[in-house]
Number of protein chains: 2
Amino acid sequence: MRTIRTTLTPEEMPRRWYNILPDLPTPLPPPLNPATKEPISPSDLEAIFPKSLIAQEMSQDSYIDIPEEVLDAYMLVMRPSPLQRAVRLEEKLKTPAKIYYKREDLSPAGSHKTNTALAQAYYNKMEGVERLTTETGAGQWGSALSLACSYFDMKCRVFMVRASYDQKPYRREVMRLFGSEVFPSPSDQTDFGKSLLAKDKNHPGSLGIAISEALEACIKDDKAKYSLGSVLNHVMLHQTIIGQETMLQFQKLGEKPDYLVGCVGGGSNFAGFTFPFVGQKLKKKLETEFIAVEPTSVPTLTDGKYEYDFGDTAEMTPLLMMYTLGHAFVPSPIHAGGLRYHGAAPTVSALVNEGVVKPVSYQQQEVFEAAALFANQEGVIPAPETSHAIKAAIDLALEAKKNNEEKIIAFNFSGHGLLDLAGYQAYLDGTLT
Amino acid sequence: MRTIRTTLTPEEMPRRWYNILPDLPTPLPPPLNPATKEPISPSDLEAIFPKSLIAQEMSQDSYIDIPEEVLDAYMLVMRPSPLQRAVRLEEKLKTPAKIYYKREDLSPAGSHKTNTALAQAYYNKMEGVERLTTETGAGQWGSALSLACSYFDMKCRVFMVRASYDQKPYRREVMRLFGSEVFPSPSDQTDFGKSLLAKDKNHPGSLGIAISEALEACIKDDKAKYSLGSVLNHVMLHQTIIGQETMLQFQKLGEKPDYLVGCVGGGSNFAGFTFPFVGQKLKKKLETEFIAVEPTSVPTLTDGKYEYDFGDTAEMTPLLMMYTLGHAFVPSPIHAGGLRYHGAAPTVSALVNEGVVKPVSYQQQEVFEAAALFANQEGVIPAPETSHAIKAAIDLALEAKKNNEEKIIAFNFSGHGLLDLAGYQAYLDGTLT
C-alpha cells in the first residue's frame, strides 16, 4: 500500500503566523490616504477594523502568536491539513516529477479561507464587535466568514458579486445556514449599489464593487466592522499557517520543493502557501521558484500596472501599491469568481515586481480541462480558482518530463469545486465561454 | 488547544473486512429464487455480479482480506477516516455525554459509499467487466461508483431517482465529470421505465424502480455487470472498514461506546459502522446499544413487515428476507433521497428482528433542525440522511443530560450535505414539506 499523504499531529501544528514584511527586499510602500497622499495612520482604519488587526497589518514582528481559541478553531476545520502526493496524476502524465498538493479543501467551508476568517472573527469578537460586513466573489470567502461568525456567535452581512450569486446558487444557502444575510451585489442596500443598479439593473458586479458596498454598510453601522478575505497584510499573515505546515511536511519527506504554485485572486492562498518559503529564499536558504497563476481574462500580475490604486471601485479604501487593472475594471464572468479582482495583495505584488514571484496566466477552457484531468486521476473535484494552479503544475510536470528532470512541484489545493458544478456543467456541455 | 480528533496512520488501517454472517444468532435466511422459492445458487447471480463478489455474498469466513489495490484506493479517498468529538455540540446541549462522529464525509465523493464502490469496481475489473450499471437515490452512491469506475478505468451507467435528479441537479454533474452516463429514473432506456412513464410521465421514481432499470440495462448488455450500493452482504462487508477503524480509535481513546447510531436506507453505512461492534456484543464482549434511524415517511424498520420480498419494484431480484414496506412502495420525495428505499439489508433486518438493533424514526422537519444545530456548532453541513443519525444522537445526549449520565455516544457521519443544499434552502425558507 502506497502512503500518499504526509500529515502533522495537532501537537506539530505551528503556533505562530509568519510575517514577511521585515524580510522583504525593500520596505513595502505603505497604504496612502487618498486625500492627502500621506501614509495612513492606524486611527484611519479604526472605523472598519479592530485595533488588534490594524496592529497586525502594520507589524514588523517576524512572528505573531496564534491565540489558543484560534488554534482550537483551526482544529475544528481540519487543521493541520495533509500534503498529498498526486501519484496517479504523475503516472498519467508519465512525468519523472513529483506533484504534491496541500489539501486546503478539507475545511468544512471547502477552502483555505477559514484560516483568516476564524482569526478575524476572533479578534473582532474580543473587541466587542457584533457584526461583520464583507464581500464575496464565488462564495468561498462568504461561506468561510459565515462559518467563523457562527462559531464566534456573531452576525454577518455578505455582499456577493451578482454574477456569482446567480452562477452558484447554493453558496448563499451555506451562508444562510450559518446565519448570515446575503445580498447580490450591486444591491439596493447601499447608495453605491443603488447608483449602479440605476444605470444597469442587470449589472454583473465585481469584487471591487462588492467591497465598496461592504465598506459602506460597515461605516453606516456602529456595531459592525468590515472583514476582507484577501489583499491585506494581516490576511496574508493568517494564511501562512498553510506554508508553515507545508515546510514541516517537506522536512518529514526529506525533500525541498523546486516549484511552489498557487492561483492568485487577491493573493491570500498564494501568500499563505509560499511566504514562509519565500522568506527562506530571500535569506538565500532555498532555491525554490514561486509561480503565481491567474486567468487571462483577469491578468492583474501578467498585464497590470504596478502603481497606487484603490482596493475597491467606489474609491473608499486607502490607495494600495499593487499590480492593478484599474479599480473600475469589471472582469468577464468566468467561473473562477474568486479570481475576478482588479488588484492583488501589495506583498505579493512587491515580490512579483522584484522578480521573486513569477506570474503566468491561462484561459478558462484549458483550466477546466486540467481540472477534469485532475479530478479523474485524483478523485477530488477542484474549485475553478484552484484549477489555475493545477494547470500550471501540470505544465511544469510536462516540462520536467521533456527535460527528464525529477522536479518537485507543489501547489496549494485551495478549495474544492462541489459548489461550482454549474461551471463544470458548462464545460461538459461545451458551453464554457 | 483541545485535541478533538482521533486518527489512525495508514499502517494502522485494517487490512481485512469483517463478515458478520457466521456470528449471527441464527443463520441468515437465504435469498430465494422467486419462481421456485428455493435458495438461489451462485450461478443464478452470474449474469449481474462477478464471481468474486458472489463468493463474498455467501461466505462464512469471519474475515476477508482487502486487496492491495483496494487499500491504495482507500488511501486516496482519505482513509483511515478520523473519529471526531463534537465538543461544541456537547457544550451547546449542556450534556455530560460525549458525542463522537466518524467522518465518512471526507471522501471526495462526500460519503462512505466509496468504501464499497472502489471494492466492487476492482473485483469487476479483475474479471474483465467493462461497464457497471447502477441506481442512485440522492446521488451519493452514483457519485461514488462514478469515481470508482473512473479510478479503475471502467464505464458506468447510472439510473437516478427522478425526484432526486430534479432536487439535486449538481450530483449528476459530478457523475458526468467522472465519465458516467446518468438517466433520471423511470427513464426511456428500459422497457420497465417506459411502462411507468406511459402511465405517468412525471413519475417521481424510487430506489426500487431505479434498481429494476439498472438490472434490466445490465442483463441486456453482456459487457456489463450490476453494482448495488447497499442491502447485500458483500456491501455490508466492505463497509466494515468503518467500524473496524472506529474500534481501533475507541481503543486509542480508552473508551467503549454506550450507543452506536446510524441512519438506515439500505443499511450499508449503519452496518459498516456497527457490525464489528455487534459481533463483539453477540460474543458478550460489549454492552453497546445499536440505534438505527430512519424517516417516519419511510418507516421500514419501525413499521414494516419482516418477510421475504423483492429488492426492486419490477420483481427482478431474488426474494430477500428483510423488513419491507412492500416493493411497490413509493416514498414521499423527502430530501434524504438515500433513505427512500422500501426494504433494508437482510443482515440489519435480522438483527432488528432479534432485538439486537433498536430502530427509531423522525420527521423531516425535526431532522433538518438537528442538522442546522449541528452545522452551526461543528461547522460541517450534514447530508439529510446523516442528519437522522444526528437527531437520534442529540436525543440520546439530552436523555443523558436528564439522567446526569456520562454516556458515550457515537454516530456515523455518513456524508456531507454540500450537494443537498436545495433541501436546506427549503428548510430556511420554511417550505419543507
# chains A, B, ... in the order shown; residues from 1 in each chain; ligands from 1

call {"tool": "residues_around", "arguments": {"residues": "stretch 293-306 of chain A", "least_positions_apart": "5", "cutoff": "8 Å", "atoms": "only C-alpha atoms", "output": "JSON, numbers by chain"}}
result
{"A": [261, 262, 263, 264, 265, 321, 322, 323, 324, 325, 331, 332, 339, 340, 341, 342, 343, 344, 349, 352, 353, 359, 360, 361, 362, 363, 364, 388, 389, 392]}

call {"tool": "calpha_fit_and_write", "arguments": {"fixed": "chain B", "moving": "chain A", "output": "short mmCIF file (atom, residue, chain, number, x, y, z; two decimals) with C-alpha atoms, in the first residue's frame"}}
result
data_model
loop_
_atom_site.label_atom_id
_atom_site.label_comp_id
_atom_site.auth_asym_id
_atom_site.auth_seq_id
_atom_site.Cartn_x
_atom_site.Cartn_y
_atom_site.Cartn_z
CA MET A 1 -5.58 23.58 22.42
CA ARG A 2 -8.13 20.80 22.63
CA THR A 3 -7.47 17.69 20.60
CA ILE A 4 -10.84 16.76 19.19
CA ARG A 5 -9.83 14.23 16.59
CA THR A 6 -8.59 10.64 16.89
CA THR A 7 -6.81 9.47 13.79
CA LEU A 8 -5.14 6.32 12.53
CA THR A 9 -1.97 6.12 10.48
CA PRO A 10 -2.05 4.30 7.13
CA GLU A 11 -0.18 1.45 8.83
CA GLU A 12 -2.98 1.15 11.35
CA MET A 13 -5.72 0.90 8.73
CA PRO A 14 -7.41 -2.52 8.98
CA ARG A 15 -6.34 -4.93 6.26
CA ARG A 16 -9.44 -7.12 6.39
CA TRP A 17 -13.18 -6.74 6.17
CA TYR A 18 -15.36 -8.29 8.87
CA ASN A 19 -18.17 -10.68 7.91
CA ILE A 20 -20.96 -10.89 10.50
CA LEU A 21 -22.73 -13.86 8.88
CA PRO A 22 -21.07 -16.63 10.93
CA ASP A 23 -21.66 -14.63 14.13
CA LEU A 24 -25.41 -14.05 13.69
CA PRO A 25 -27.58 -15.61 16.43
CA THR A 26 -29.43 -17.68 13.85
CA PRO A 27 -28.31 -18.38 10.27
CA LEU A 28 -29.44 -15.71 7.85
CA PRO A 29 -32.45 -16.88 5.81
CA PRO A 30 -31.07 -17.16 2.27
CA PRO A 31 -32.28 -15.25 -0.82
CA LEU A 32 -34.88 -17.29 -2.75
CA ASN A 33 -35.46 -17.84 -6.42
CA PRO A 34 -38.92 -16.27 -6.90
CA ALA A 35 -40.06 -18.98 -9.32
CA THR A 36 -39.03 -22.01 -7.30
CA LYS A 37 -38.88 -20.47 -3.81
CA GLU A 38 -35.64 -22.41 -3.39
CA PRO A 39 -32.45 -20.75 -2.13
CA ILE A 40 -30.60 -19.20 -5.05
CA SER A 41 -27.33 -20.70 -6.13
CA PRO A 42 -24.23 -18.71 -7.02
CA SER A 43 -24.77 -19.30 -10.73
CA ASP A 44 -28.17 -17.56 -10.51
CA LEU A 45 -26.30 -14.31 -9.87
CA GLU A 46 -23.59 -14.59 -12.51
CA ALA A 47 -25.49 -12.51 -15.02
CA ILE A 48 -25.28 -9.49 -12.73
CA PHE A 49 -22.32 -9.95 -10.38
CA PRO A 50 -18.71 -11.08 -10.81
CA LYS A 51 -17.85 -14.43 -9.20
CA SER A 52 -15.65 -12.93 -6.51
CA LEU A 53 -18.47 -10.78 -5.17
CA ILE A 54 -20.93 -13.69 -5.32
CA ALA A 55 -18.46 -15.67 -3.22
CA GLN A 56 -18.24 -12.82 -0.71
CA GLU A 57 -22.05 -12.59 -0.67
CA MET A 58 -22.30 -16.20 0.52
CA SER A 59 -19.09 -16.50 2.53
CA GLN A 60 -18.98 -17.86 6.06
CA ASP A 61 -15.42 -16.66 6.65
CA SER A 62 -15.23 -14.21 9.53
CA TYR A 63 -12.63 -12.05 7.81
CA ILE A 64 -11.81 -11.39 4.18
CA ASP A 65 -8.53 -9.77 3.15
CA ILE A 66 -8.73 -6.38 1.46
CA PRO A 67 -6.75 -6.46 -1.80
CA GLU A 68 -3.70 -4.19 -2.00
CA GLU A 69 -5.18 -2.19 -4.88
CA VAL A 70 -8.29 -1.49 -2.84
CA LEU A 71 -6.18 -0.38 0.13
CA ASP A 72 -4.38 2.04 -2.20
CA ALA A 73 -7.73 3.33 -3.39
CA TYR A 74 -8.95 3.66 0.20
CA MET A 75 -5.95 5.85 0.95
CA LEU A 76 -6.81 8.08 -1.97
CA VAL A 77 -10.30 8.68 -0.60
CA MET A 78 -8.94 9.81 2.76
CA ARG A 79 -8.99 6.57 4.71
CA PRO A 80 -8.39 5.93 7.50
CA SER A 81 -11.05 8.49 8.44
CA PRO A 82 -10.93 10.47 11.69
CA LEU A 83 -13.21 9.99 14.69
CA GLN A 84 -14.09 13.49 15.80
CA ARG A 85 -15.57 14.63 19.08
CA ALA A 86 -18.44 17.11 18.88
CA VAL A 87 -17.27 19.17 21.83
CA ARG A 88 -19.10 22.34 20.83
CA LEU A 89 -22.35 20.41 20.32
CA GLU A 90 -21.95 18.83 23.76
CA GLU A 91 -21.43 22.27 25.27
CA LYS A 92 -24.43 23.70 23.46
CA LEU A 93 -26.63 20.85 24.70
CA LYS A 94 -25.08 21.13 28.19
CA THR A 95 -24.87 17.37 28.27
CA PRO A 96 -22.44 15.26 30.32
CA ALA A 97 -22.40 12.80 27.43
CA LYS A 98 -19.56 12.62 24.94
CA ILE A 99 -20.62 12.70 21.29
CA TYR A 100 -18.30 11.29 18.64
CA TYR A 101 -18.80 11.22 14.90
CA LYS A 102 -16.97 9.15 12.33
CA ARG A 103 -15.98 11.40 9.43
CA GLU A 104 -17.07 9.44 6.36
CA ASP A 105 -17.76 12.74 4.58
CA LEU A 106 -14.10 13.39 3.82
CA SER A 107 -14.09 11.06 0.83
CA PRO A 108 -14.00 13.20 -2.35
CA ALA A 109 -17.37 11.68 -3.23
CA GLY A 110 -18.67 13.09 0.04
CA SER A 111 -19.78 9.91 1.78
CA HIS A 112 -18.99 6.38 2.94
CA LYS A 113 -20.16 4.94 -0.38
CA THR A 114 -16.65 4.84 -1.85
CA ASN A 115 -15.71 2.06 0.59
CA THR A 116 -17.77 -0.41 -1.41
CA ALA A 117 -17.75 1.34 -4.78
CA LEU A 118 -13.97 1.02 -5.05
CA ALA A 119 -14.04 -2.60 -3.92
CA GLN A 120 -16.81 -3.55 -6.34
CA ALA A 121 -15.21 -1.76 -9.27
CA TYR A 122 -11.93 -3.52 -8.50
CA TYR A 123 -13.40 -7.02 -8.43
CA ASN A 124 -15.38 -6.40 -11.61
CA LYS A 125 -12.30 -5.02 -13.34
CA MET A 126 -10.31 -8.10 -12.35
CA GLU A 127 -12.92 -10.29 -14.08
CA GLY A 128 -12.83 -8.29 -17.30
CA VAL A 129 -16.06 -6.33 -16.84
CA GLU A 130 -16.11 -3.08 -18.86
CA ARG A 131 -19.21 -1.33 -17.58
CA LEU A 132 -21.28 -1.19 -14.40
CA THR A 133 -24.93 -0.26 -14.21
CA THR A 134 -26.48 1.02 -11.04
CA GLU A 135 -29.23 3.03 -9.40
CA THR A 136 -28.86 6.05 -7.16
CA GLY A 137 -31.24 8.00 -4.95
CA ALA A 138 -29.77 11.27 -3.69
CA GLY A 139 -26.71 10.71 -5.82
CA GLN A 140 -24.19 9.77 -3.16
CA TRP A 141 -23.97 6.20 -4.46
CA GLY A 142 -23.92 7.21 -8.11
CA SER A 143 -21.13 9.72 -7.44
CA ALA A 144 -19.10 7.18 -5.54
CA LEU A 145 -19.46 4.48 -8.18
CA SER A 146 -18.65 7.00 -10.91
CA LEU A 147 -15.46 7.95 -9.08
CA ALA A 148 -14.60 4.28 -8.62
CA CYS A 149 -15.23 3.44 -12.28
CA SER A 150 -13.07 6.36 -13.34
CA TYR A 151 -10.38 5.18 -10.93
CA PHE A 152 -10.39 1.69 -12.41
CA ASP A 153 -10.89 2.90 -15.99
CA MET A 154 -14.38 1.47 -16.45
CA LYS A 155 -17.65 2.84 -17.81
CA CYS A 156 -20.72 3.47 -15.70
CA ARG A 157 -24.46 3.94 -16.39
CA VAL A 158 -26.47 5.41 -13.54
CA PHE A 159 -30.25 5.43 -13.13
CA MET A 160 -31.04 8.29 -10.75
CA VAL A 161 -34.42 8.50 -8.99
CA ARG A 162 -36.20 11.29 -10.86
CA ALA A 163 -37.28 13.22 -7.73
CA SER A 164 -33.63 13.44 -6.65
CA TYR A 165 -32.41 14.11 -10.21
CA ASP A 166 -34.57 17.24 -10.13
CA GLN A 167 -33.91 18.20 -6.47
CA LYS A 168 -30.16 17.81 -6.61
CA PRO A 169 -29.13 18.99 -10.08
CA TYR A 170 -25.42 19.06 -9.44
CA ARG A 171 -25.01 15.45 -8.38
CA ARG A 172 -25.30 14.41 -11.98
CA GLU A 173 -22.52 16.82 -12.96
CA VAL A 174 -20.21 15.02 -10.53
CA MET A 175 -21.09 11.72 -12.17
CA ARG A 176 -20.68 13.15 -15.68
CA LEU A 177 -17.32 14.64 -14.78
CA PHE A 178 -16.18 11.14 -13.84
CA GLY A 179 -17.36 9.88 -17.22
CA SER A 180 -20.72 8.28 -16.36
CA GLU A 181 -23.98 8.37 -18.26
CA VAL A 182 -26.82 9.48 -15.96
CA PHE A 183 -30.56 8.95 -16.61
CA PRO A 184 -33.47 10.18 -14.49
CA SER A 185 -35.52 7.13 -13.47
CA PRO A 186 -38.02 6.00 -14.54
CA SER A 187 -36.30 6.52 -17.89
CA ASP A 188 -36.87 5.69 -21.53
CA GLN A 189 -33.77 3.49 -21.53
CA THR A 190 -35.57 0.33 -20.35
CA ASP A 191 -38.88 -1.38 -21.03
CA PHE A 192 -39.81 -1.12 -17.37
CA GLY A 193 -39.03 2.58 -17.30
CA LYS A 194 -41.04 3.20 -20.43
CA SER A 195 -44.03 1.32 -19.00
CA LEU A 196 -44.06 3.57 -15.93
CA LEU A 197 -43.61 6.76 -17.94
CA ALA A 198 -46.55 5.73 -20.12
CA LYS A 199 -48.80 5.80 -17.05
CA ASP A 200 -47.30 8.94 -15.50
CA LYS A 201 -44.78 11.01 -17.38
CA ASN A 202 -43.90 12.85 -14.17
CA HIS A 203 -43.40 9.74 -12.09
CA PRO A 204 -41.07 10.75 -9.21
CA GLY A 205 -39.40 7.36 -9.20
CA SER A 206 -38.01 5.40 -6.27
CA LEU A 207 -34.90 3.37 -5.50
CA GLY A 208 -36.89 0.19 -6.11
CA ILE A 209 -37.73 1.34 -9.62
CA ALA A 210 -34.21 2.56 -10.34
CA ILE A 211 -32.82 -0.82 -9.29
CA SER A 212 -35.16 -2.53 -11.73
CA GLU A 213 -33.96 -0.32 -14.55
CA ALA A 214 -30.30 -0.84 -13.71
CA LEU A 215 -30.82 -4.61 -13.64
CA GLU A 216 -32.63 -4.61 -16.96
CA ALA A 217 -29.88 -2.46 -18.52
CA CYS A 218 -27.27 -4.88 -17.17
CA ILE A 219 -28.97 -8.03 -18.36
CA LYS A 220 -29.30 -6.64 -21.89
CA ASP A 221 -25.58 -5.73 -22.02
CA ASP A 222 -23.10 -8.61 -21.99
CA LYS A 223 -20.18 -6.29 -21.25
CA ALA A 224 -21.86 -5.00 -18.12
CA LYS A 225 -22.45 -6.12 -14.60
CA TYR A 226 -24.63 -4.53 -11.96
CA SER A 227 -23.49 -2.79 -8.81
CA LEU A 228 -25.67 -2.25 -5.76
CA GLY A 229 -24.87 0.45 -3.24
CA SER A 230 -26.45 -1.21 -0.22
CA VAL A 231 -28.59 -4.10 1.11
CA LEU A 232 -26.43 -7.05 0.10
CA ASN A 233 -23.97 -8.90 2.33
CA HIS A 234 -20.87 -8.07 0.29
CA VAL A 235 -21.70 -4.36 0.51
CA MET A 236 -22.08 -4.56 4.30
CA LEU A 237 -18.78 -6.47 4.37
CA HIS A 238 -16.87 -3.74 2.50
CA GLN A 239 -18.32 -1.06 4.74
CA THR A 240 -16.99 -2.69 7.89
CA ILE A 241 -13.73 -0.83 7.28
CA ILE A 242 -15.60 2.00 9.02
CA GLY A 243 -16.45 0.11 12.21
CA GLN A 244 -13.12 -1.64 12.44
CA GLU A 245 -11.30 1.67 12.27
CA THR A 246 -13.70 3.03 14.87
CA MET A 247 -12.91 0.13 17.22
CA LEU A 248 -9.21 0.98 17.00
CA GLN A 249 -9.97 4.63 17.60
CA PHE A 250 -12.03 3.89 20.70
CA GLN A 251 -9.17 1.70 21.93
CA LYS A 252 -6.83 4.67 21.50
CA LEU A 253 -9.29 6.78 23.48
CA GLY A 254 -9.54 4.10 26.16
CA GLU A 255 -13.33 4.25 25.90
CA LYS A 256 -16.21 1.97 24.99
CA PRO A 257 -19.25 3.49 23.30
CA ASP A 258 -22.59 3.13 25.07
CA TYR A 259 -24.52 3.89 21.89
CA LEU A 260 -23.66 3.49 18.23
CA VAL A 261 -26.05 5.31 15.94
CA GLY A 262 -26.50 5.37 12.17
CA CYS A 263 -29.17 6.25 9.65
CA VAL A 264 -30.63 3.42 7.58
CA GLY A 265 -31.71 3.48 3.96
CA GLY A 266 -30.46 0.16 2.62
CA GLY A 267 -28.31 -0.28 5.73
CA SER A 268 -24.75 -0.03 4.44
CA ASN A 269 -23.35 2.86 6.49
CA PHE A 270 -25.13 1.56 9.58
CA ALA A 271 -23.81 -1.96 9.07
CA GLY A 272 -20.32 -0.79 8.26
CA PHE A 273 -20.18 1.33 11.39
CA THR A 274 -21.78 -1.09 13.83
CA PHE A 275 -21.20 -4.69 12.69
CA PRO A 276 -17.68 -5.11 14.13
CA PHE A 277 -19.12 -3.95 17.47
CA VAL A 278 -22.26 -6.07 17.05
CA GLY A 279 -20.03 -9.11 16.55
CA GLN A 280 -18.36 -8.32 19.87
CA LYS A 281 -21.71 -7.84 21.59
CA LEU A 282 -23.03 -11.14 20.26
CA LYS A 283 -19.97 -12.72 21.88
CA LYS A 284 -20.87 -10.97 25.15
CA LYS A 285 -17.76 -8.79 25.02
CA LEU A 286 -19.59 -5.43 24.78
CA GLU A 287 -22.62 -3.71 26.28
CA THR A 288 -23.11 -1.20 23.47
CA GLU A 289 -26.62 -0.44 22.20
CA PHE A 290 -27.20 -0.03 18.48
CA ILE A 291 -29.70 2.54 17.20
CA ALA A 292 -30.88 2.51 13.58
CA VAL A 293 -32.57 5.73 12.47
CA GLU A 294 -34.99 6.22 9.59
CA PRO A 295 -37.51 8.78 8.33
CA THR A 296 -41.12 8.46 9.55
CA SER A 297 -42.14 8.70 5.91
CA VAL A 298 -40.11 5.57 5.04
CA PRO A 299 -40.58 3.54 8.27
CA THR A 300 -39.10 0.27 7.04
CA LEU A 301 -37.69 -0.98 10.33
CA THR A 302 -40.15 0.67 12.69
CA ASP A 303 -43.32 -0.15 10.78
CA GLY A 304 -42.51 -2.63 8.00
CA LYS A 305 -43.08 -6.39 7.90
CA TYR A 306 -40.22 -8.85 8.35
CA GLU A 307 -40.80 -11.18 5.41
CA TYR A 308 -39.50 -12.26 2.03
CA ASP A 309 -39.85 -9.52 -0.59
CA PHE A 310 -38.27 -8.40 -3.83
CA GLY A 311 -35.40 -5.94 -3.63
CA ASP A 312 -36.79 -3.98 -6.57
CA THR A 313 -40.15 -2.85 -7.87
CA ALA A 314 -40.20 -4.84 -11.14
CA GLU A 315 -39.64 -8.11 -9.23
CA MET A 316 -36.35 -8.89 -10.95
CA THR A 317 -34.24 -9.60 -7.88
CA PRO A 318 -34.31 -12.71 -5.72
CA LEU A 319 -36.63 -12.65 -2.72
CA LEU A 320 -34.82 -11.29 0.34
CA MET A 321 -35.83 -11.85 3.96
CA MET A 322 -35.95 -8.32 5.30
CA TYR A 323 -38.09 -5.60 6.80
CA THR A 324 -40.12 -4.18 3.98
CA LEU A 325 -42.88 -1.69 3.21
CA GLY A 326 -43.70 -3.67 0.09
CA HIS A 327 -41.70 -3.48 -3.12
CA ALA A 328 -44.28 -1.26 -4.79
CA PHE A 329 -43.94 1.37 -2.06
CA VAL A 330 -43.13 4.82 -3.47
CA PRO A 331 -41.76 7.02 -0.67
CA SER A 332 -42.68 10.72 -0.46
CA PRO A 333 -39.99 12.90 -2.02
CA ILE A 334 -38.10 13.78 1.15
CA HIS A 335 -34.67 15.31 0.73
CA ALA A 336 -32.95 12.32 2.33
CA GLY A 337 -33.09 10.54 -1.01
CA GLY A 338 -30.69 7.82 0.11
CA LEU A 339 -33.21 6.62 2.71
CA ARG A 340 -36.13 6.31 0.26
CA TYR A 341 -35.97 2.50 -0.04
CA HIS A 342 -38.76 0.04 0.69
CA GLY A 343 -36.51 -2.61 2.22
CA ALA A 344 -33.38 -2.93 4.34
CA ALA A 345 -30.32 -5.17 4.37
CA PRO A 346 -31.21 -8.73 5.39
CA THR A 347 -28.41 -8.72 7.97
CA VAL A 348 -29.58 -5.45 9.53
CA SER A 349 -33.18 -6.70 9.39
CA ALA A 350 -32.25 -9.94 11.14
CA LEU A 351 -30.56 -8.03 13.93
CA VAL A 352 -33.59 -5.75 14.34
CA ASN A 353 -35.83 -8.80 14.39
CA GLU A 354 -33.63 -10.35 17.11
CA GLY A 355 -33.76 -7.17 19.18
CA VAL A 356 -30.01 -6.59 18.84
CA VAL A 357 -30.57 -3.35 16.90
CA LYS A 358 -33.21 -0.85 17.99
CA PRO A 359 -34.94 1.19 15.26
CA VAL A 360 -36.30 4.75 15.69
CA SER A 361 -37.80 7.25 13.24
CA TYR A 362 -38.08 11.03 12.90
CA GLN A 363 -39.91 13.61 10.80
CA GLN A 364 -38.13 15.62 8.09
CA GLN A 365 -38.60 18.97 9.86
CA GLU A 366 -37.03 17.91 13.16
CA VAL A 367 -34.22 16.23 11.28
CA PHE A 368 -33.34 19.45 9.45
CA GLU A 369 -33.48 21.34 12.74
CA ALA A 370 -30.94 18.92 14.18
CA ALA A 371 -28.81 19.33 11.07
CA ALA A 372 -28.83 23.12 11.34
CA LEU A 373 -27.88 22.94 15.01
CA PHE A 374 -25.05 20.54 14.23
CA ALA A 375 -23.76 22.66 11.35
CA ASN A 376 -23.67 25.78 13.49
CA GLN A 377 -21.86 24.03 16.34
CA GLU A 378 -19.43 21.84 14.41
CA GLY A 379 -19.05 23.74 11.13
CA VAL A 380 -19.82 20.72 8.94
CA ILE A 381 -23.06 20.64 6.94
CA PRO A 382 -24.51 17.11 7.13
CA ALA A 383 -26.31 15.23 4.39
CA PRO A 384 -30.07 14.97 5.10
CA GLU A 385 -29.64 11.20 5.52
CA THR A 386 -26.88 11.63 8.08
CA SER A 387 -28.99 14.18 9.90
CA HIS A 388 -31.32 11.40 11.01
CA ALA A 389 -28.44 9.91 12.97
CA ILE A 390 -27.59 13.35 14.33
CA LYS A 391 -31.15 13.84 15.57
CA ALA A 392 -31.04 10.50 17.38
CA ALA A 393 -27.60 11.23 18.84
CA ILE A 394 -28.82 14.59 20.14
CA ASP A 395 -31.86 12.93 21.72
CA LEU A 396 -29.60 10.39 23.44
CA ALA A 397 -27.38 13.21 24.67
CA LEU A 398 -30.38 15.08 26.08
CA GLU A 399 -31.57 11.91 27.79
CA ALA A 400 -28.10 11.52 29.29
CA LYS A 401 -28.35 15.11 30.51
CA LYS A 402 -31.74 14.43 32.10
CA ASN A 403 -30.33 11.39 33.89
CA ASN A 404 -26.97 13.07 34.53
CA GLU A 405 -25.10 10.21 32.91
CA GLU A 406 -21.72 10.48 31.17
CA LYS A 407 -22.81 8.32 28.27
CA ILE A 408 -20.56 7.80 25.26
CA ILE A 409 -22.48 8.25 22.04
CA ALA A 410 -21.00 7.75 18.59
CA PHE A 411 -22.70 8.16 15.25
CA ASN A 412 -21.62 7.61 11.69
CA PHE A 413 -21.28 10.93 9.88
CA SER A 414 -22.07 9.17 6.65
CA GLY A 415 -21.92 12.16 4.32
CA HIS A 416 -21.88 15.92 3.96
CA GLY A 417 -24.75 17.94 2.57
CA LEU A 418 -22.99 20.30 0.16
CA LEU A 419 -24.93 18.80 -2.73
CA ASP A 420 -28.23 18.75 -0.85
CA LEU A 421 -28.46 22.48 -0.31
CA ALA A 422 -31.82 22.68 -2.10
CA GLY A 423 -33.18 20.87 0.96
CA TYR A 424 -31.54 23.37 3.29
CA GLN A 425 -32.92 26.18 1.16
CA ALA A 426 -36.42 24.80 1.65
CA TYR A 427 -35.74 24.46 5.38
CA LEU A 428 -34.50 28.06 5.64
CA ASP A 429 -37.41 29.33 3.52
CA GLY A 430 -39.86 27.41 5.72
CA THR A 431 -41.13 25.42 2.75
CA LEU A 432 -40.05 21.90 3.77
CA THR A 433 -42.99 19.55 3.27
#

call {"tool": "select_by_dssp", "arguments": {"residues": "stretch 165-395 of chain B", "states": "strand (DSSP E)", "output": "PyMOL selection string"}}
result
chain B and resi 181-185+224-226+259-263+289-295+305-310+319-324+357-362

call {"tool": "select_by_dssp", "arguments": {"residues": "stretch 214-411 of chain A", "states": "helix (DSSP H, G or I)", "output": "JSON, numbers by chain"}}
result
{"A": [214, 215, 216, 217, 218, 219, 233, 234, 235, 236, 237, 238, 239, 240, 241, 242, 243, 244, 245, 246, 247, 248, 249, 250, 251, 252, 253, 268, 269, 270, 271, 272, 273, 274, 275, 276, 277, 278, 279, 280, 281, 282, 300, 301, 302, 303, 337, 338, 339, 346, 347, 348, 349, 350, 351, 352, 353, 364, 365, 366, 367, 368, 369, 370, 371, 372, 373, 374, 375, 376, 377, 378, 384, 385, 386, 387, 388, 389, 390, 391, 392, 393, 394, 395, 396, 397, 398, 399, 400, 401, 402]}
